[in-house]
Amino acid sequence: MWISHLLLVALLLGYPAALWSGLPEPPAGTGEHASSWQPDPMHEYWDPATQHQPETRLVEGVFEGEACLECHDVVTPGIVKDWRESRHAQGERPVLCPACHGADHQKLIFPTPQTCGGCHPERLAQMNEEKKYGFPSHALAMERVVDSKHFADKPKAEVMACLQCHSVGSKCDSCHTRHRFDPAEARRPEACITCHSGPPHPDDESYFSSAHGQRYLQDGKNWSWKQPLKAGNYPAPTCAYCHMRHGNHQVADKAVWKFGIREINPRTAENIIKRKRWLETCRDCHPPETAADFFQRLDAERKESWRLLYRTENILKDLRGKGQLRPSASERPAYPMDLLARLMPRERIGFFEGQASAFYNVSAIERDYFELWYFSNLSAYKGMAHQAPQWAGSFHERMKASAHAIADRAKRLGEPDRNSIDLKPVWMEGEYTRFNREKN
Amino acid sequence: MWISHLLLVALLLGYPAALWSGLPEPPAGTGEHASSWQPDPMHEYWDPATQHQPETRLVEGVFEGEACLECHDVVTPGIVKDWRESRHAQGERPVLCPACHGADHQKLIFPTPQTCGGCHPERLAQMNEEKKYGFPSHALAMERVVDSKHFADKPKAEVMACLQCHSVGSKCDSCHTRHRFDPAEARRPEACITCHSGPPHPDDESYFSSAHGQRYLQDGKNWSWKQPLKAGNYPAPTCAYCHMRHGNHQVADKAVWKFGIREINPRTAENIIKRKRWLETCRDCHPPETAADFFQRLDAERKESWRLLYRTENILKDLRGKGQLRPSASERPAYPMDLLARLMPRERIGFFEGQASAFYNVSAIERDYFELWYFSNLSAYKGMAHQAPQWAGSFHERMKASAHAIADRAKRLGEPDRNSIDLKPVWMEGEYTRFNREKN
Amino acid sequence: MWISHLLLVALLLGYPAALWSGLPEPPAGTGEHASSWQPDPMHEYWDPATQHQPETRLVEGVFEGEACLECHDVVTPGIVKDWRESRHAQGERPVLCPACHGADHQKLIFPTPQTCGGCHPERLAQMNEEKKYGFPSHALAMERVVDSKHFADKPKAEVMACLQCHSVGSKCDSCHTRHRFDPAEARRPEACITCHSGPPHPDDESYFSSAHGQRYLQDGKNWSWKQPLKAGNYPAPTCAYCHMRHGNHQVADKAVWKFGIREINPRTAENIIKRKRWLETCRDCHPPETAADFFQRLDAERKESWRLLYRTENILKDLRGKGQLRPSASERPAYPMDLLARLMPRERIGFFEGQASAFYNVSAIERDYFELWYFSNLSAYKGMAHQAPQWAGSFHERMKASAHAIADRAKRLGEPDRNSIDLKPVWMEGEYTRFNREKN
């Protein structure tokens with residue numbers, strides 16, 4: 001116990017994290033837990049500003065103007081062709097390769113949003129404006145992932161799965177395919193759904209289950225995608241039409257329920273203003289009464305879901321109170337840097353206690369709740385929000401089945417001989433955890 | 001017991017249902033269980049004929065001819081643009097807004113099939129003709145849902161999930177997007193799959209897993225959708241090509257296995273006639289032998305599935321006989337209006353005993369069978385029927401796994417100390433059930 | 001036991017299999033287990049070379065030149081229209097119906113790859129060249145399925161699910177829709193994904209989850225599909241672009257991890273050469289460093305997966321050693337023709353012991369491992385290989401959950417009173433098994 005207090009003192013004194021965290025050597029990660037993880041080679045593509053190292057290349061020299069094209073027309077014809085068809089290649093003063101990549105072939109750079117912002121300052125400013133709305137937002141996506149407690153714990157082989165999508169704010173080619181960078185492309189749902197699909201954010205599946213999505217599938221190919229995202233230009237809405245109306249690169253100022261991971265009050269002054277922004281969008285096609293009725297349904301669906309989620313959370317809290325969550329927080333290794341968890345180990349249950357890190361290092365029943373909350377609940381929400389109520393309905397069924405299974409398991413956990421079985425560390429996996437288990 | 005008899009007498013005397021059902025006040029639902037449920041605001045969009053109430057609007061007045069467009073070109077440009085591109089806007093006598101919505105802005109109506117049938121009587125008659133084939137049919141879809149025993153029991157927040165699709169016969173814009181109403185649109189699969197996807201009717205997924213569906217995906221965009229649905233006009237079939245051949249809005253006269261929820265004899269005189277109609281459709285492209293062979297495979301697949309389903313049903317009937325289905329029918333609240341279930345409570349197992357209402361209010365093992373029968377079985381069927389046998393194969397695997405899990409659970413239910421665990425009301429959820437449990 | 005030895009002698013003497021296998025009569029199957037299965041009528045479409053029987057048709061006669069079209073323009077207009085639009089119908093010497101189907105209407109044939117190879121010898125030779133790389137390959141697909149131990153065991157109603165896709169090497173219209181046979185069609189992903197979708201080979205889902213696939217969805221309709229599959233012709237790769245570059249019909253010479261069902265060493269001389277072929281393909285658009293980094297990630301992902309798979313295999317081997325796999329190999333019927341399994345029954349665990357036939361006839365925990373290995377593992381692999389790491393990530397989660405569930409079940413199997421419960425033959429299903437169980 002006195003060791004824990006010593007750690008606290010060390011932290012307060014500002015000692016470098018690596019000294020007290022018990023990890024062998026300070027790796028060159030970024031973010032809050034920088035000392036606990038080492039970047040993977042692919043990381044330089046996902047976060048070029050902090051991780052890109054220029055490669056030594058066979059060809060040396062400084063290339064200006066169209067000089068690059070002489071070779072690259074031959075060695076990488078695909079991307080050159082894309083560029084030639086882009087607006088960057090048009091006009092009297094085209095944007096040539098060195099403008100974004102630099103001229104020295106031994107010190108080539110990967111462009112960042114700042115690079116693009118040189119010519120497109122309004123779009124960059126809009127994206128950065130998202131930061132004031134907090135997470136979830138594109139602008140904070142990378143920070144969010146590297147700062148999460150479970151990131152350092154994840155096997156390196158799986159880290160790419162996080163970084164590829166969370167790089168959305170670290171470079172512009174997540175939505176605008178390099179080297180074409182065509183706004184017409186980014187207006188279409190496909191630009192979004194490479195990331196926004198599957199649980200916990202089945203925006204893809206729920207949109208395409210709606211009448212909106214079906215109309216896009218049906219004749220979206222014939223729409224005039226060169227037109228701005230405003231009333232009368234598109235027969236049905238797409239992701240960008242509603243979430244990036246008029247091309248606004250700040251997508252956070254209409255989000256009421258946001259990701260759906262916590263209950264909110266849709267009737268706060270701020271949320272009423274946000275909802276009005278939605279209603280304005282909907283009325284491009286629908287009478288406002290219809291849209292208002294619809295949002296009431298969404299609120300009702302959310303309320304019903306949260307009733308179920310809280311009821312299930314209470315079951316877990318009850319187990320925690322009786323010491324029946326096993327392995328308990330004190331029986332499993334704390335996350336790196338999570339000093340509080342070391343000093344006062346306590347199982348975190350639900351959003352407000354910080355269960356967003358329940359991907360790993362939890363007991364079986366905690367994981368079950370995590371899946372109910374993070375996957376089924378969010379799928380139901382997106383189904384309703386995207387006007388695919390049959391999608392919402394089927395996830396409500398799944399939520400109920402999971403809630404009952406959790407209640408059943410909780411009952412069995414209270415039986416005299418069951419604790420031993422569930423002591424198995426079901427979700428206690430990952431590189432850091434392995435290290436920690438061996439050392440502690 | 002004498003109370004039950006009293007109820008029967010009350011019913012026979014024609015007393016209003018609300019008086020004896022025990023519910024607090026008569027709500028304004030529709031259908032057989034009208035007294036047990038209250039419509040949701042959204043309901044007026046799904047069943048305008050019975051539920052739509054004109055809204056009080058800011059703008060008063062009676063508008064004729066093109067007068068509506070003056071405002072609506074500005075306030076709802078999306079739908080006006082759709083209308084302008086529609087056939088309704090063409091010619092010397094265009095179909096203007098008041099034709100469908102009325103002229104009084106304080107008494108606007110939502111058009112029903114009867115409204116559309118004013119100009120398209122043949123299509124309306126075709127749809128109504130479906131009624132003679134019973135359910136499933138588009139014409140009876142709304143009746144079916146509001147009359148089902150579990151409808152009143154469903155949480156309001158989830159009711160929209162049912163109504164949106166079951167409104168298909170209550171208004172024409174389920175398939176013909178308002179305000180374009182283009183037959184070319186309704187000929188394409190997207191018009192159908194907003195509803196016909198996911199279990200229990202994965203028509204979407206199974207069609208697109210077939211060679212037919214893949215060819216549509218590949219170059220359907222280039223087909224001439226203005227052409228009628230007849231031989232030689234389309235390189236591959238779509239939903240409507242086979243099920244609504246020549247544009248027939250009655251889709252019930254070829255259905256042999258229908259939804260697949262009960263076993264049928266494909267060799268009755270009626271079904272042989274129906275199959276011949278299929279073979280005529282198939283021969284637009286295939287020699288009749290191929291199609292006949294294929295239907296034999298479908299029959300074999302169905303037989304194999306029903307062998308498994310009956311075997312599993314028998315396990316449940318055996319448990320019922322031994323009183324091991326817990327909570328038993330007498331231990332759980334009856335559905336509203338289900339007088340028979342009140343007088344003679346009995347667990348319903350399988351289609352012929354009426355288990356179609358097993359969405360709620362059943363024990364865990366009954367629900368497991370319901371999922372096997374209603375989801376996996378129907379998915380296997382649609383996979384085979386839509387020429388995606390690999391889809392059928394994977395659901396056969398799932399059916400077998402479920403059947404074995406049910407057999408295993410049944411065995412454990414027979415063990416001396418297990419009844420208590422399964423008494424938990426796994427699927428006893430919903431608003432009516434909640435009400436009923438508190439009052440009874 | 002002496003009976004088993006007698007069987008061995010019978011086999012060595014070359015007695016026809018049907019005599020000793022215990023099956024009632026020799027059916028006319030093909031392949032290694034020919035004597036144990038009977039073809040289904042549909043089989044003649046999937047393997048015309050060995051199974052097609054000419055049908056007796058109403059119309060008799062020998063038809064040359066364009067004579068066939070006189071009737072077929074009317075009776076099967078769809079396919080005639082396709083042919084008319086094909087290259088076969090163009091030029092001075094069109095390829096008419098009798099060229100592929102024969103001229104005698106009572107002896108019509110279904111064309112095989114050999115038929116097509118008459119005019120396209122290079123493509124046929126390329127496909128046949130695959131055979132030297134072994135399975136998986138298109139050329140050996142039919143052989144593989146009819147030679148697998150579980151094929152004879154499968155209910156006939158489900159056999160179509162295997163044959164439809166495994167017919168890919170037995171006729172050319174799996175990829176080139178009859179009667180259009182347009183290379184432009186076969187260059188598109190839809191030509192491949194009728195078969196290459198769903199577990200165990202979610203090539204469809206993983207490709208369309210990648211940026212490559214999304215770009216295809218977005219504007220693939222506008223690409224010039226008449227162009228050959230080479231650098232600069234396509235803005236993003238498709239299945240065929242990478243796997244059939246330059247139209248090569250031999251798709252096996254780049255496959256490093258192949259199906260992913262066994263661990264391989266990516267650093268053998270042969271695999272280094274294969275990977276170089278990949279890198280050459282990638283550099284049509286990407287710098288070679290990026291692609292090389294990416295392949296390192298794939299290797300790391302595979303290594304992580306195999307670490308988990310081996311750990312789980314060891315749990316099963318441990319159970320086998322302790323006799324806790326129940327029903328044991330000696331308690332369940334051997335596969336037909338599997339003489340070794342009859343003489344020396346032993347549970348096969350993992351790829352190298354031959355568990356590829358674990359579809360049927362295994363205990364519950366063996367099946368669980370099979371699903372982990374064959375479905376989740378292969379889905380994770382394809383996700384990573386097709387640049388959809390978020391897909392890989394979600395299947396890693398599933399793999400971990402399954403591995404832990406298996407470990408948990410294994411623990412319970414070791415408890416004194418559990419064996420009886422798991423003796424239930426969970427995956428002991430199928431026609432042969434049924435026959436065998438009754439007779440033995």
# chains A, B, ... in the order shown; residues from 1 in each chain; ligands from 1
call {"tool": "select_by_dssp", "arguments": {"residues": "stretch 201-377 of chain C", "states": "alpha helix (DSSP H)", "output": "ChimeraX atom specification"}}
result
/C:203-208,211-219,239-243,269-282,288-321,339-343,364-371,377
call {"tool": "write_last_selection", "arguments": {"atoms": "C-alpha atoms", "output": "CSV table (one decimal), in the first residue's frame"}}
result
chain,number,residue,atom,x,y,z
C,203,ASP,CA,-13.9,-11.9,-49.8
C,204,ASP,CA,-17.0,-10.0,-50.7
C,205,GLU,CA,-17.6,-8.5,-47.3
C,206,SER,CA,-13.9,-7.7,-46.6
C,207,TYR,CA,-13.2,-6.2,-50.1
C,208,PHE,CA,-16.3,-3.9,-49.8
C,211,ALA,CA,-11.2,1.7,-49.4
C,212,HIS,CA,-10.6,-0.2,-52.6
C,213,GLY,CA,-14.1,-1.7,-52.5
C,214,GLN,CA,-15.8,1.6,-51.6
C,215,ARG,CA,-14.2,3.3,-54.5
C,216,TYR,CA,-15.5,0.6,-56.8
C,217,LEU,CA,-19.0,1.0,-55.3
C,218,GLN,CA,-18.8,4.7,-55.7
C,219,ASP,CA,-18.0,5.1,-59.4
C,239,CYS,CA,-10.8,-9.1,-57.4
C,240,ALA,CA,-9.7,-9.8,-60.9
C,241,TYR,CA,-7.3,-6.9,-61.1
C,242,CYS,CA,-5.1,-8.3,-58.4
C,243,HIS,CA,-5.8,-12.0,-58.6
C,269,ALA,CA,12.1,-19.0,-51.0
C,270,GLU,CA,8.8,-19.8,-52.8
C,271,ASN,CA,6.8,-17.5,-50.7
C,272,ILE,CA,9.2,-14.7,-51.1
C,273,ILE,CA,8.9,-15.0,-54.8
C,274,LYS,CA,5.1,-15.0,-54.5
C,275,ARG,CA,5.1,-11.9,-52.3
C,276,LYS,CA,7.3,-10.1,-54.8
C,277,ARG,CA,4.5,-10.8,-57.4
C,278,TRP,CA,2.1,-9.1,-55.0
C,279,LEU,CA,4.4,-6.1,-54.5
C,280,GLU,CA,4.6,-5.7,-58.3
C,281,THR,CA,0.8,-5.6,-58.4
C,282,CYS,CA,0.5,-3.1,-55.5
C,288,PRO,CA,6.7,-0.4,-52.6
C,289,GLU,CA,7.5,0.5,-49.0
C,290,THR,CA,3.8,1.0,-48.1
C,291,ALA,CA,2.9,-2.4,-49.6
C,292,ALA,CA,5.8,-4.1,-47.8
C,293,ASP,CA,4.8,-2.5,-44.5
C,294,PHE,CA,1.3,-3.7,-45.1
C,295,PHE,CA,2.3,-7.3,-45.7
C,296,GLN,CA,4.3,-7.2,-42.5
C,297,ARG,CA,1.1,-6.4,-40.8
C,298,LEU,CA,-0.6,-9.3,-42.4
C,299,ASP,CA,2.1,-11.6,-41.2
C,300,ALA,CA,1.9,-10.2,-37.7
C,301,GLU,CA,-1.9,-10.7,-37.7
C,302,ARG,CA,-1.5,-14.3,-38.9
C,303,LYS,CA,1.1,-15.0,-36.3
C,304,GLU,CA,-1.2,-13.6,-33.5
C,305,SER,CA,-4.1,-15.7,-34.9
C,306,TRP,CA,-2.1,-18.9,-35.0
C,307,ARG,CA,-0.7,-18.4,-31.5
C,308,LEU,CA,-4.3,-18.5,-30.4
C,309,LEU,CA,-5.3,-21.4,-32.6
C,310,TYR,CA,-2.4,-23.6,-31.5
C,311,ARG,CA,-3.1,-22.8,-27.9
C,312,THR,CA,-6.7,-23.9,-28.4
C,313,GLU,CA,-5.7,-27.0,-30.4
C,314,ASN,CA,-3.5,-28.0,-27.4
C,315,ILE,CA,-6.5,-27.9,-25.1
C,316,LEU,CA,-8.3,-30.3,-27.4
C,317,LYS,CA,-5.3,-32.6,-27.7
C,318,ASP,CA,-5.0,-32.6,-23.9
C,319,LEU,CA,-8.7,-33.7,-23.7
C,320,ARG,CA,-8.1,-36.4,-26.3
C,321,GLY,CA,-5.1,-37.7,-24.2
C,339,LEU,CA,-10.4,-47.1,-43.6
C,340,LEU,CA,-7.7,-45.7,-41.4
C,341,ALA,CA,-10.4,-44.2,-39.1
C,342,ARG,CA,-12.0,-47.6,-38.8
C,343,LEU,CA,-8.9,-49.5,-38.0
C,364,ALA,CA,-19.5,-30.3,-29.5
C,365,ILE,CA,-16.1,-28.9,-28.4
C,366,GLU,CA,-14.4,-30.2,-31.6
C,367,ARG,CA,-17.0,-28.3,-33.6
C,368,ASP,CA,-16.4,-25.2,-31.5
C,369,TYR,CA,-12.8,-25.3,-32.4
C,370,PHE,CA,-13.7,-26.0,-36.1
C,371,GLU,CA,-15.8,-22.8,-36.1
C,377,ASN,CA,-9.9,-17.2,-38.2
call {"tool": "residues_around", "arguments": {"residues": "stretch 136-138 of chain C", "least_positions_apart": "4", "cutoff": "9 Å", "atoms": "only C-alpha atoms", "output": "count of residues only"}}
result
16
call {"tool": "closest_atom_pairs", "arguments": {"of": "chain A", "to": "chain C", "cutoff": "7 Å", "atoms": "only C-alpha atoms", "output": "JSON lines"}}
result
{"residue": "A:Pro41", "atom": "CA", "partner": "C:Asp293", "partner_atom": "CA", "distance": 6.5}
{"residue": "A:Met42", "atom": "CA", "partner": "C:Asp293", "partner_atom": "CA", "distance": 6.2}
{"residue": "A:Val75", "atom": "CA", "partner": "C:Asp284", "partner_atom": "CA", "distance": 6.9}
{"residue": "A:Thr76", "atom": "CA", "partner": "C:Asp284", "partner_atom": "CA", "distance": 4.9}
{"residue": "A:Pro77", "atom": "CA", "partner": "C:Gly232", "partner_atom": "CA", "distance": 5.1}
{"residue": "A:Gly78", "atom": "CA", "partner": "C:Gly232", "partner_atom": "CA", "distance": 4.6}
{"residue": "A:Ile79", "atom": "CA", "partner": "C:Cys285", "partner_atom": "CA", "distance": 5.4}
{"residue": "A:Lys81", "atom": "CA", "partner": "C:Gly232", "partner_atom": "CA", "distance": 6.6}
{"residue": "A:Asp82", "atom": "CA", "partner": "C:Pro235", "partner_atom": "CA", "distance": 6.9}
{"residue": "A:Ala157", "atom": "CA", "partner": "C:Glu301", "partner_atom": "CA", "distance": 4.7}
{"residue": "A:Glu158", "atom": "CA", "partner": "C:Gly393", "partner_atom": "CA", "distance": 5.8}
{"residue": "A:Met160", "atom": "CA", "partner": "C:Pro389", "partner_atom": "CA", "distance": 6.2}
{"residue": "A:Ala161", "atom": "CA", "partner": "C:Gln390", "partner_atom": "CA", "distance": 4.3}
{"residue": "A:Cys162", "atom": "CA", "partner": "C:Gln390", "partner_atom": "CA", "distance": 6.7}
{"residue": "A:Glu190", "atom": "CA", "partner": "C:Gln214", "partner_atom": "CA", "distance": 5.3}
{"residue": "A:Thr194", "atom": "CA", "partner": "C:Ser209", "partner_atom": "CA", "distance": 5.5}
{"residue": "A:Val426", "atom": "CA", "partner": "C:His404", "partner_atom": "CA", "distance": 6.0}
call {"tool": "residues_around", "arguments": {"residues": "stretch 174-176 of chain C", "least_positions_apart": "2", "cutoff": "8 Å", "atoms": "only C-alpha atoms", "output": "list in words"}}
result
Cys165, Ser167, Val168, Lys171, Cys172, Arg178, Arg180, Phe181, Asp182, Pro183, Glu185, Ala186, Ala191 and Cys192 of chain C
call {"tool": "write_last_selection", "arguments": {"atoms": "C-alpha atoms", "output": "short mmCIF file (atom, residue, chain, number, x, y, z; two decimals), in the first residue's frame"}}
result
data_model
loop_
_atom_site.label_atom_id
_atom_site.label_comp_id
_atom_site.auth_asym_id
_atom_site.auth_seq_id
_atom_site.Cartn_x
_atom_site.Cartn_y
_atom_site.Cartn_z
CA CYS C 165 -19.79 -22.92 -56.15
CA SER C 167 -18.59 -26.17 -60.14
CA VAL C 168 -16.38 -23.19 -60.97
CA LYS C 171 -17.98 -25.06 -66.61
CA CYS C 172 -17.19 -21.47 -67.60
CA ARG C 178 -24.31 -17.38 -70.18
CA ARG C 180 -23.24 -13.19 -72.97
CA PHE C 181 -19.78 -14.39 -71.91
CA ASP C 182 -18.47 -10.86 -71.72
CA PRO C 183 -14.94 -10.45 -70.31
CA GLU C 185 -18.48 -8.70 -66.83
CA ALA C 186 -15.95 -11.13 -65.41
CA ALA C 191 -18.54 -12.19 -61.05
CA CYS C 192 -16.56 -13.56 -58.11
#
call {"tool": "residues_around", "arguments": {"residues": "A:Leu378", "least_positions_apart": "5", "cutoff": "9 Å", "atoms": "only C-alpha atoms", "output": "MDAnalysis selection string"}}
result
chainID A and resid 199:202 259:261 372:373 383 395
call {"tool": "atom_distance", "arguments": {"atom1": "atom CA of B:Pro48", "atom2": "atom CA of B:Thr115"}}
result
11.1 Å
